[in-house]
>>> print(open('target_27.tsv').read())   # TSV, C-alpha atoms and all ligand atoms
chain	number	residue	atom	x	y	z
A	112	GLU	CA	0.00	0.00	0.00
A	113	ALA	CA	2.88	2.38	0.82
A	114	LEU	CA	4.10	1.79	-2.71
A	115	GLU	CA	0.70	2.56	-4.19
A	116	LYS	CA	0.65	5.85	-2.33
A	117	GLY	CA	3.78	6.84	-4.21
A	118	GLY	CA	5.51	8.40	-1.22
A	119	TYR	CA	2.47	10.34	-0.01
A	120	ASP	CA	0.92	9.72	3.39
A	121	HIS	CA	-2.54	9.24	1.96
A	122	PHE	CA	-4.20	8.43	-1.33
A	123	MET	CA	-6.10	11.70	-1.16
A	124	LEU	CA	-2.90	13.75	-1.04
A	125	LYS	CA	-1.41	11.69	-3.85
A	126	GLU	CA	-4.53	12.21	-5.95
A	127	ILE	CA	-4.54	15.95	-5.27
A	128	HIS	CA	-0.96	16.10	-6.52
A	129	GLU	CA	-1.75	13.99	-9.57
A	130	GLN	CA	-4.04	16.65	-10.98
A	131	PRO	CA	-1.57	18.38	-13.32
A	132	ARG	CA	-1.13	14.98	-14.95
A	133	SER	CA	-4.75	13.84	-14.81
A	134	ILE	CA	-5.99	17.07	-16.40
A	135	ARG	CA	-3.33	16.72	-19.09
A	136	ASP	CA	-4.40	13.09	-19.68
A	137	CYS	CA	-7.93	14.31	-20.12
A	138	PHE	CA	-6.79	16.59	-22.98
A	139	ARG	CA	-4.97	13.84	-24.81
A	140	GLY	CA	-6.23	13.56	-28.40
A	141	ARG	CA	-8.94	16.10	-27.62
A	142	LEU	CA	-7.21	19.47	-27.52
A	143	ASN	CA	-4.80	20.80	-30.09
A	144	VAL	CA	-3.77	24.40	-29.55
A	145	ALA	CA	-1.41	24.64	-32.53
A	146	GLU	CA	-4.10	23.46	-34.96
A	147	GLY	CA	-6.83	25.21	-33.00
A	148	TRP	CA	-9.34	22.48	-32.29
A	149	VAL	CA	-11.16	20.62	-29.53
A	150	SER	CA	-12.82	17.30	-30.18
A	151	LEU	CA	-14.50	14.68	-28.01
A	152	GLY	CA	-14.29	11.54	-30.12
A	153	GLY	CA	-16.75	9.58	-27.99
A	154	ILE	CA	-19.63	11.97	-28.65
A	155	LYS	CA	-18.66	13.09	-32.15
A	156	ASP	CA	-21.72	11.49	-33.71
A	157	TYR	CA	-23.93	13.47	-31.34
A	158	GLU	CA	-22.46	16.94	-31.90
A	159	ASN	CA	-25.23	18.10	-34.25
A	160	LYS	CA	-27.88	16.75	-31.99
A	161	LEU	CA	-26.29	18.49	-29.00
A	162	ILE	CA	-26.16	21.90	-30.62
A	163	ALA	CA	-29.74	21.58	-31.86
A	164	ALA	CA	-31.09	20.34	-28.52
A	165	PRO	CA	-33.61	22.59	-26.78
A	166	ARG	CA	-31.92	21.74	-23.52
A	167	LEU	CA	-29.44	19.37	-21.95
A	168	ILE	CA	-30.30	17.66	-18.70
A	169	MET	CA	-27.38	16.62	-16.51
A	170	VAL	CA	-27.92	14.06	-13.77
A	171	ALA	CA	-25.45	13.22	-11.02
A	172	CYS	CA	-24.87	12.87	-7.27
A	173	GLY	CA	-22.39	14.36	-4.81
A	174	THR	CA	-19.20	15.85	-6.18
A	175	SER	CA	-20.22	14.90	-9.72
A	176	TRP	CA	-23.31	17.10	-9.31
A	177	HIS	CA	-21.00	20.00	-8.47
A	178	ALA	CA	-19.00	19.36	-11.65
A	179	CYS	CA	-22.27	19.43	-13.64
A	180	THR	CA	-23.11	22.79	-12.11
A	181	VAL	CA	-19.77	24.22	-13.27
A	182	GLY	CA	-20.59	22.70	-16.69
A	183	GLU	CA	-23.99	24.40	-16.69
A	184	TYR	CA	-22.39	27.84	-16.32
A	185	LEU	CA	-19.88	27.12	-19.07
A	186	ILE	CA	-22.21	25.53	-21.62
A	187	GLU	CA	-24.91	28.16	-21.14
A	188	ASP	CA	-22.48	31.06	-21.31
A	189	LEU	CA	-20.25	29.86	-24.12
A	190	ALA	CA	-22.52	27.67	-26.24
A	191	ARG	CA	-25.85	29.31	-25.35
A	192	ILE	CA	-27.56	25.94	-24.78
A	193	ASN	CA	-30.00	25.64	-21.93
A	194	VAL	CA	-28.72	23.22	-19.27
A	195	GLU	CA	-30.61	21.77	-16.33
A	196	VAL	CA	-28.65	20.10	-13.56
A	197	GLU	CA	-30.52	17.52	-11.54
A	198	TYR	CA	-29.84	15.43	-8.47
A	199	ALA	CA	-30.38	11.98	-9.93
A	200	SER	CA	-32.29	10.84	-6.84
A	201	GLU	CA	-34.82	13.67	-7.17
A	202	PHE	CA	-35.10	13.56	-10.93
A	203	ARG	CA	-35.96	9.89	-11.10
A	204	TYR	CA	-38.87	10.10	-8.68
A	205	ARG	CA	-40.61	13.26	-9.68
A	206	ASN	CA	-42.16	12.14	-12.93
A	207	PRO	CA	-39.89	14.46	-14.94
A	208	ILE	CA	-40.89	15.77	-18.34
A	209	ILE	CA	-38.60	14.02	-20.80
A	210	THR	CA	-39.13	13.83	-24.54
A	211	GLU	CA	-37.38	12.15	-27.43
A	212	ASN	CA	-35.68	15.48	-28.20
A	213	ASP	CA	-33.99	15.59	-24.84
A	214	ILE	CA	-30.41	14.69	-24.18
A	215	VAL	CA	-29.66	13.45	-20.71
A	216	ILE	CA	-26.01	13.41	-19.66
A	217	ALA	CA	-24.96	11.44	-16.60
A	218	VAL	CA	-21.75	12.44	-14.85
A	219	SER	CA	-20.28	9.84	-12.53
A	220	GLN	CA	-16.79	8.96	-11.36
A	221	SER	CA	-17.61	5.32	-10.67
A	222	GLY	CA	-20.26	4.87	-13.33
A	223	GLU	CA	-22.10	2.73	-10.78
A	224	THR	CA	-24.10	5.15	-8.61
A	225	ALA	CA	-27.56	3.59	-8.28
A	226	ASP	CA	-29.59	6.79	-8.51
A	227	THR	CA	-27.65	8.11	-11.51
A	228	LEU	CA	-28.00	4.81	-13.30
A	229	ALA	CA	-31.75	4.67	-12.58
A	230	ALA	CA	-32.21	8.28	-13.78
A	231	LEU	CA	-30.58	7.32	-17.07
A	232	GLU	CA	-32.70	4.22	-17.43
A	233	LEU	CA	-35.80	6.33	-16.93
A	234	ALA	CA	-34.66	8.85	-19.56
A	235	LYS	CA	-33.91	6.03	-21.95
A	236	SER	CA	-37.36	4.52	-21.45
A	237	LYS	CA	-38.86	7.89	-22.49
A	238	GLY	CA	-36.83	7.90	-25.70
A	239	ALA	CA	-34.20	10.48	-24.75
A	240	THR	CA	-30.63	10.26	-25.95
A	241	ILE	CA	-28.44	9.30	-23.03
A	242	LEU	CA	-24.77	10.19	-22.76
A	243	GLY	CA	-22.23	9.54	-20.02
A	244	ILE	CA	-19.15	11.18	-18.58
A	245	CYS	CA	-17.50	8.52	-16.43
A	246	ASN	CA	-14.10	7.78	-15.03
A	247	VAL	CA	-14.28	4.01	-14.70
A	248	VAL	CA	-13.94	2.35	-18.07
A	249	GLY	CA	-16.55	-0.33	-18.76
A	250	SER	CA	-18.73	0.75	-15.81
A	251	SER	CA	-22.49	0.24	-15.85
A	252	ILE	CA	-23.24	3.83	-16.90
A	253	SER	CA	-20.67	3.73	-19.67
A	254	ARG	CA	-22.28	0.52	-20.92
A	255	ILE	CA	-25.92	1.64	-21.00
A	256	THR	CA	-25.34	5.07	-22.54
A	257	ASP	CA	-25.59	5.73	-26.28
A	258	ALA	CA	-22.18	7.40	-26.21
A	259	GLY	CA	-19.90	9.29	-23.86
A	260	SER	CA	-16.52	10.60	-22.86
A	261	TYR	CA	-14.22	9.14	-20.29
A	262	THR	CA	-12.50	11.47	-17.87
A	263	HIS	CA	-9.23	9.47	-17.84
A	264	ALA	CA	-8.31	10.54	-14.29
A	265	GLY	CA	-7.05	7.04	-13.44
A	266	PRO	CA	-8.19	5.08	-10.38
A	267	GLU	CA	-9.32	7.27	-7.50
A	268	ILE	CA	-8.95	5.54	-4.14
A	269	GLY	CA	-9.59	8.32	-1.62
A	270	VAL	CA	-13.30	8.38	-0.83
A	271	ALA	CA	-13.39	12.17	-1.12
A	272	SER	CA	-13.20	12.91	-4.82
A	273	THR	CA	-10.45	15.26	-6.00
A	274	LYS	CA	-8.81	14.44	-9.32
A	275	ALA	CA	-12.03	12.90	-10.66
A	276	PHE	CA	-13.79	16.22	-10.02
A	277	THR	CA	-11.25	18.31	-11.92
A	278	ALA	CA	-11.29	15.75	-14.74
A	279	GLN	CA	-15.08	16.00	-14.96
A	280	VAL	CA	-14.85	19.79	-15.08
A	281	THR	CA	-12.17	19.47	-17.76
A	282	VAL	CA	-14.36	17.26	-19.97
A	283	LEU	CA	-17.31	19.61	-19.51
A	284	THR	CA	-15.08	22.57	-20.40
A	285	LEU	CA	-13.92	20.79	-23.57
A	286	MET	CA	-17.55	20.04	-24.34
A	287	ALA	CA	-18.58	23.67	-23.84
A	288	LEU	CA	-15.78	24.83	-26.14
A	289	MET	CA	-16.58	22.24	-28.80
A	290	LEU	CA	-20.28	23.15	-28.76
A	291	ALA	CA	-19.62	26.90	-28.73
A	292	HIS	CA	-17.28	26.66	-31.68
A	293	LYS	CA	-19.57	24.42	-33.68
A	294	LYS	CA	-22.55	26.62	-32.93
A	295	GLY	CA	-20.63	29.81	-33.65
A	296	THR	CA	-21.51	31.40	-30.32
A	297	ILE	CA	-17.94	32.51	-29.60
A	298	SER	CA	-15.50	34.26	-31.89
A	299	GLU	CA	-12.57	32.39	-33.41
A	300	SER	CA	-10.15	34.55	-31.43
A	301	LYS	CA	-11.95	33.90	-28.11
A	302	TYR	CA	-11.96	30.18	-28.95
A	303	ARG	CA	-8.23	30.21	-29.65
A	304	THR	CA	-7.52	32.13	-26.47
A	305	LEU	CA	-9.55	29.70	-24.40
A	306	LEU	CA	-7.79	26.69	-25.96
A	307	ALA	CA	-4.40	28.15	-25.07
A	308	GLU	CA	-5.54	29.08	-21.56
A	309	LEU	CA	-6.98	25.61	-21.01
A	310	ASP	CA	-3.76	24.01	-22.21
A	311	ALA	CA	-1.86	26.06	-19.61
A	312	ILE	CA	-4.09	24.87	-16.74
A	313	PRO	CA	-2.04	21.77	-15.74
A	314	GLU	CA	1.07	23.87	-15.20
A	315	LYS	CA	-0.93	26.46	-13.26
A	316	VAL	CA	-2.38	23.70	-11.06
A	317	GLN	CA	1.18	22.61	-10.42
A	318	LYS	CA	2.04	26.16	-9.48
A	319	VAL	CA	-0.84	26.29	-6.98
A	320	LEU	CA	0.31	22.99	-5.46
A	321	ASP	CA	3.92	24.14	-5.19
A	322	SER	CA	3.30	27.66	-3.97
A	323	SER	CA	0.44	27.25	-1.53
A	324	ASP	CA	1.07	23.98	0.32
A	325	LYS	CA	2.93	25.49	3.28
A	326	LEU	CA	0.61	28.49	3.50
A	327	ILE	CA	-2.44	26.21	3.48
A	328	GLN	CA	-0.98	24.12	6.30
A	329	ASP	CA	-0.63	27.32	8.33
A	330	ILE	CA	-4.20	28.35	7.53
A	331	ALA	CA	-5.43	24.85	8.39
A	332	SER	CA	-3.82	25.08	11.81
A	333	LEU	CA	-5.71	28.32	12.49
A	334	TYR	CA	-9.10	26.82	11.70
A	335	SER	CA	-8.76	23.13	12.53
A	336	LYS	CA	-10.83	23.51	15.68
A	337	ALA	CA	-13.71	25.33	14.00
A	338	THR	CA	-17.15	23.81	14.38
A	339	ASN	CA	-18.69	25.57	11.39
A	340	ALA	CA	-17.43	27.02	8.15
A	341	LEU	CA	-18.98	28.90	5.28
A	342	TYR	CA	-17.83	28.78	1.66
A	343	LEU	CA	-18.84	31.54	-0.74
A	344	GLY	CA	-18.48	31.98	-4.48
A	345	ARG	CA	-20.38	33.47	-7.37
A	346	GLY	CA	-21.01	32.41	-10.95
A	347	ASN	CA	-19.01	29.37	-11.96
A	348	CYS	CA	-17.22	29.52	-8.60
A	349	PHE	CA	-20.45	28.99	-6.68
A	350	PRO	CA	-20.18	25.21	-7.32
A	351	VAL	CA	-16.52	25.44	-6.26
A	352	ALA	CA	-17.77	26.79	-2.92
A	353	LEU	CA	-20.22	23.89	-2.68
A	354	GLU	CA	-17.45	21.42	-3.43
A	355	GLY	CA	-15.09	23.09	-0.92
A	356	ALA	CA	-17.72	22.77	1.80
A	357	LEU	CA	-18.44	19.17	0.88
A	358	LYS	CA	-14.74	18.24	1.04
A	359	LEU	CA	-14.40	19.77	4.49
A	360	LYS	CA	-17.45	18.05	5.95
A	361	GLU	CA	-16.69	14.71	4.32
A	362	ILE	CA	-13.26	14.27	5.80
A	363	SER	CA	-12.96	16.58	8.82
A	364	TYR	CA	-16.58	16.35	10.09
A	365	ILE	CA	-16.74	20.13	10.46
A	366	HIS	CA	-20.15	21.43	9.53
A	367	ALA	CA	-19.68	23.46	6.37
A	368	GLU	CA	-22.03	25.09	3.94
A	369	GLY	CA	-21.44	26.44	0.46
A	370	TYR	CA	-23.50	29.40	-0.67
A	371	PRO	CA	-23.74	31.76	-3.60
A	372	ALA	CA	-22.04	34.79	-2.02
A	373	ALA	CA	-25.02	37.11	-2.44
A	374	GLU	CA	-27.35	34.63	-0.70
A	375	MET	CA	-25.33	34.95	2.49
A	376	LYS	CA	-27.50	37.81	3.66
A	377	HIS	CA	-30.59	35.61	3.41
A	378	GLY	CA	-29.57	33.41	6.31
A	379	PRO	CA	-25.97	32.32	6.88
A	380	ILE	CA	-24.90	35.85	7.84
A	381	ALA	CA	-26.69	35.20	11.14
A	382	LEU	CA	-24.05	32.57	11.96
A	383	ILE	CA	-21.06	34.84	11.54
A	384	ASP	CA	-19.04	35.63	14.64
A	385	GLU	CA	-15.36	35.84	15.55
A	386	GLU	CA	-14.99	32.07	15.44
A	387	MET	CA	-16.49	31.48	12.05
A	388	PRO	CA	-14.14	31.00	9.09
A	389	VAL	CA	-15.57	32.14	5.78
A	390	PHE	CA	-13.74	30.84	2.72
A	391	VAL	CA	-14.37	33.05	-0.28
A	392	ILE	CA	-13.42	32.78	-3.94
A	393	ALA	CA	-12.59	36.38	-4.82
A	394	THR	CA	-10.67	36.08	-8.07
A	395	GLN	CA	-10.62	38.74	-10.80
A	396	GLY	CA	-13.66	38.52	-13.06
A	397	PRO	CA	-17.11	39.91	-13.60
A	398	SER	CA	-18.27	39.43	-10.01
A	399	TYR	CA	-15.08	40.58	-8.27
A	400	GLU	CA	-16.51	43.86	-6.95
A	401	LYS	CA	-19.63	42.14	-5.69
A	402	VAL	CA	-17.62	39.50	-3.85
A	403	VAL	CA	-15.50	42.24	-2.33
A	404	SER	CA	-18.61	43.79	-0.84
A	405	ASN	CA	-19.66	40.37	0.49
A	406	ILE	CA	-16.25	40.15	2.20
A	407	GLN	CA	-16.83	43.57	3.76
A	408	GLU	CA	-20.16	42.32	5.12
A	409	VAL	CA	-18.40	39.38	6.78
A	410	LYS	CA	-15.63	41.57	8.19
A	411	ALA	CA	-18.17	44.05	9.56
A	412	ARG	CA	-19.48	41.16	11.67
A	413	LYS	CA	-15.99	40.16	12.77
A	414	GLY	CA	-15.96	36.94	10.77
A	415	LYS	CA	-12.64	35.46	9.67
A	416	VAL	CA	-12.11	35.63	5.92
A	417	VAL	CA	-9.81	33.39	3.94
A	418	ALA	CA	-9.91	34.46	0.31
A	419	ILE	CA	-8.71	32.81	-2.85
A	420	VAL	CA	-7.49	35.67	-5.04
A	421	THR	CA	-5.78	36.20	-8.36
A	422	GLU	CA	-2.01	36.53	-8.16
A	423	GLY	CA	-1.03	40.13	-7.43
A	424	ASP	CA	-4.36	41.13	-5.87
A	425	VAL	CA	-3.94	43.90	-3.31
A	426	HIS	CA	-7.50	44.97	-2.64
A	427	VAL	CA	-8.81	41.77	-1.03
A	428	LYS	CA	-5.45	41.20	0.63
A	429	ALA	CA	-6.00	44.37	2.63
A	430	MET	CA	-9.37	43.13	3.90
A	431	ALA	CA	-9.07	39.38	4.35
A	432	ASP	CA	-7.40	37.60	7.27
A	433	GLN	CA	-5.52	35.31	4.91
A	434	VAL	CA	-5.31	35.07	1.15
A	435	ILE	CA	-4.27	32.26	-1.13
A	436	GLU	CA	-3.11	33.35	-4.57
A	437	ILE	CA	-3.84	31.44	-7.74
A	438	PRO	CA	-2.42	32.24	-11.20
A	439	LYS	CA	-4.40	34.38	-13.57
A	440	THR	CA	-6.50	32.56	-16.15
A	441	ASP	CA	-9.64	33.15	-18.19
A	442	GLU	CA	-12.68	33.56	-15.95
A	443	HIS	CA	-14.27	30.40	-17.43
A	444	LEU	CA	-11.37	28.28	-16.20
A	445	VAL	CA	-11.02	29.59	-12.66
A	446	PRO	CA	-12.90	26.61	-11.11
A	447	LEU	CA	-10.07	24.27	-12.14
A	448	LEU	CA	-7.59	26.34	-10.14
A	449	ALA	CA	-9.72	27.63	-7.27
A	450	THR	CA	-10.76	24.15	-6.23
A	451	ILE	CA	-7.18	23.04	-5.50
A	452	PRO	CA	-6.55	25.13	-2.33
A	453	PHE	CA	-9.87	23.93	-0.90
A	454	GLN	CA	-8.86	20.29	-1.42
A	455	LEU	CA	-5.55	20.85	0.37
A	456	LEU	CA	-7.20	22.83	3.13
A	457	SER	CA	-9.69	20.08	3.95
A	458	TYR	CA	-6.94	17.50	3.77
A	459	TYR	CA	-4.71	19.31	6.28
A	460	ILE	CA	-7.58	20.23	8.60
A	461	ALA	CA	-8.72	16.59	8.63
A	462	ILE	CA	-5.17	15.41	9.38
A	463	MET	CA	-4.86	17.90	12.24
A	464	ARG	CA	-8.13	16.60	13.67
A	465	GLY	CA	-6.85	13.03	13.49
A	466	CYS	CA	-9.42	11.91	10.93
A	467	ASN	CA	-9.11	9.02	8.53
A	468	VAL	CA	-8.98	11.05	5.33
A	469	ASP	CA	-8.98	8.19	2.86
A	470	GLN	CA	-11.87	6.37	4.48
A	471	PRO	CA	-14.11	8.82	6.31
A	472	ARG	CA	-16.77	7.37	8.57
A	473	ASN	CA	-20.14	6.47	7.06
A	474	LEU	CA	-19.10	7.24	3.49
A	475	ALA	CA	-18.59	4.94	0.54
A	476	LYS	CA	-16.61	5.56	-2.62
A	477	SER	CA	-19.47	4.37	-4.71
A	478	VAL	CA	-23.10	4.26	-3.62
A	479	THR	CA	-24.64	1.34	-5.45
A	480	VAL	CA	-27.80	1.16	-3.36
A	481	GLU	CA	-30.48	3.80	-3.00
B	1	LIG	C1	-20.28	9.01	-3.23
B	1	LIG	C2	-18.82	9.41	-3.18
B	1	LIG	C3	-18.66	10.82	-3.75
B	1	LIG	C4	-19.23	10.90	-5.14
B	1	LIG	C5	-20.68	10.42	-5.19
B	1	LIG	C6	-21.16	10.23	-6.61
B	1	LIG	O1	-21.00	9.82	-2.34
B	1	LIG	O2	-18.34	9.37	-1.86
B	1	LIG	O3	-17.28	11.15	-3.80
B	1	LIG	O4	-19.17	12.22	-5.63
B	1	LIG	O5	-20.82	9.16	-4.54
B	1	LIG	O6	-20.40	9.20	-7.18
B	1	LIG	P1	-20.12	9.00	-8.69
B	1	LIG	O7	-19.27	7.77	-8.76
B	1	LIG	O8	-21.46	8.81	-9.35
B	1	LIG	O9	-19.45	10.21	-9.19
>>> encode(input="target_27.tsv", output="structure tokens", more="lines below")
Ligand code: G6P
Amino acid sequence: EALEKGGYDHFMLKEIHEQPRSIRDCFRGRLNVAEGWVSLGGIKDYENKLIAAPRLIMVACGTSWHACTVGEYLIEDLARINVEVEYASEFRYRNPIITENDIVIAVSQSGETADTLAALELAKSKGATILGICNVVGSSISRITDAGSYTHAGPEIGVASTKAFTAQVTVLTLMALMLAHKKGTISESKYRTLLAELDAIPEKVQKVLDSSDKLIQDIASLYSKATNALYLGRGNCFPVALEGALKLKEISYIHAEGYPAAEMKHGPIALIDEEMPVFVIATQGPSYEKVVSNIQEVKARKGKVVAIVTEGDVHVKAMADQVIEIPKTDEHLVPLLATIPFQLLSYYIAIMRGCNVDQPRNLAKSVTVE
């Protein structure tokens, strides 16, 4: 087992550090910056159907649902296709409206999650096209779907998903770019810029891992005894906040909630006091100013703010208790970078609390029963 962990103390830490490679593997044969194209071979035959679809329905559970929500922001914004993200367990039991024109896409690391599989079977029985984005090759979902794309993250052993999440987001980003280009909803120059920016992501992930590890250990030691934590983000970083909160609760058993930053004032703000860490994604982009004012609201109530900011930021730095810098990238790709510090933070907090990070209590890697 020590050998399998490749020198790391835990599978989770190893898998976090594998992400520059796993994201790169996910690009293989699908992204060519020099020639200027993106292609997902597995769903090539469905491209026309996808761009003509009135809507795409994504079904998933857990972390995979968070990846779908990032995908929703990207596909709607770049390709202008309506996307609905559904918890598979809710979708399957609420007599959903599904027609033969619908395309239902399941996203699942294991490809075996019972609710996701059942949601797909239901969609299939109503005549919808069913596609899959899975990590495990030959899994049940990959077998029942009409077509799909593998995430190629390699085996994920840690129960808390890390590299499988970023691989899912990567595939959904490739899909958004492919659809946007084919549909003509983004300019050729924007497309080219995004391809180059995406290609640079693995090395930027590596930079985050190298530059922030020690800092994150220090931050973890400040908050390891917290009983509650709030995660805030806006736009495509709202699901990153959800995923950050999920990681923390899964492995450290600290109660954590993810919220769209502006929703904080509709409830969670009541929880803020001097003990409460608030983790905020405050990177440069369209909602930067708005997030800054959300940070001010937290500080006015004496909350502790840990912000993820774009390299070189000075404004948030002056307000927050701690900041973690990530390299600059296009706003559409920020989730792939901003998620990394949250993974490390939950890992180190869980270690400091003496938790079993690879096998947290009550959780299973794959939930094959309802
Ligand atoms: C379990 C795992 C999670 C995972 C979820 C969905 O809860 O612990 O890490 O996100 O199932 O699994 P799937 O294999 O469908 O992505």
>>> closest_atom_pairs(input="target_27.tsv", of="range 420-461 of chain A", to="range 360-374 of chain A", cutoff="8 Å", atoms="all atoms listed in the file", output="Markdown table")
| residue | atom | partner | partner_atom | distance |
| --- | --- | --- | --- | --- |
| A:Ser457 | CA | A:Ser363 | CA | 6.8 |
| A:Tyr458 | CA | A:Ile362 | CA | 7.4 |
| A:Ile460 | CA | A:Ser363 | CA | 6.5 |
| A:Ala461 | CA | A:Ser363 | CA | 4.2 |
>>> residues_near_ligand(input="target_27.tsv", ligand="ligand LIG 1 (chain B)", cutoff="9 Å", atoms="all atoms listed in the file", output="PyMOL selection string")
chain A and resi 171-177+217-228+245-247+269-273+275-276+358+361+474-479
>>> closest_residue(input="target_27.tsv", among="A:Ser260, A:Ser332, A:Ser404, A:Gln317", to="Gln279 in chain A", atoms="all atoms listed in the file")
A:Ser260
>>> closest_residue(input="target_27.tsv", among="A:Pro438, A:Lys401, A:Lys325, A:Val280", to="Thr180 in chain A", atoms="only C-alpha atoms")
A:Val280
>>> closest_residue(input="target_27.tsv", among="A:Ser250, A:Ser335, A:Ser298, A:Asn467", to="Phe122 in chain A", atoms="all atoms listed in the file")
A:Asn467
>>> residues_near_point(input="target_27.tsv", point="(-19.1, 20.3, -18.8)", cutoff="8 Å", atoms="all atoms listed in the file", output="ChimeraX atom specification")
/A:178-179,181-183,185-186,279-287
>>> atom_distance(input="target_27.tsv", atom1="CA of Ala431 in chain A", atom2="CA of Val416 in chain A")
5.1 Å
>>> residues_around(input="target_27.tsv", residues="Asp310 in chain A", least_positions_apart="5", cutoff="10 Å", atoms="all atoms listed in the file", output="PyMOL selection string")
chain A and resi 134-135+138+142-144+304-305+315
>>> residues_around(input="target_27.tsv", residues="Thr421 in chain A", least_positions_apart="5", cutoff="12 Å", atoms="all atoms listed in the file", output="list in words")
Lys315, Val319, Ile392, Ala393, Thr394, Gln395, Gly396, Tyr399, His426, Val427, Lys428, Val434, Ile435, Glu436, Ile437, Pro438, Lys439, Thr440, Asp441, Glu442, Val445, Leu448 and Ala449 of chain A
>>> closest_residue(input="target_27.tsv", among="A:Val149, A:Ile406, A:Ala113, A:Cys348", to="Thr450 in chain A", atoms="all atoms listed in the file")
A:Cys348
>>> atom_distance(input="target_27.tsv", atom1="CA of Met430 in chain A", atom2="CA of Met387 in chain A")
15.9 Å
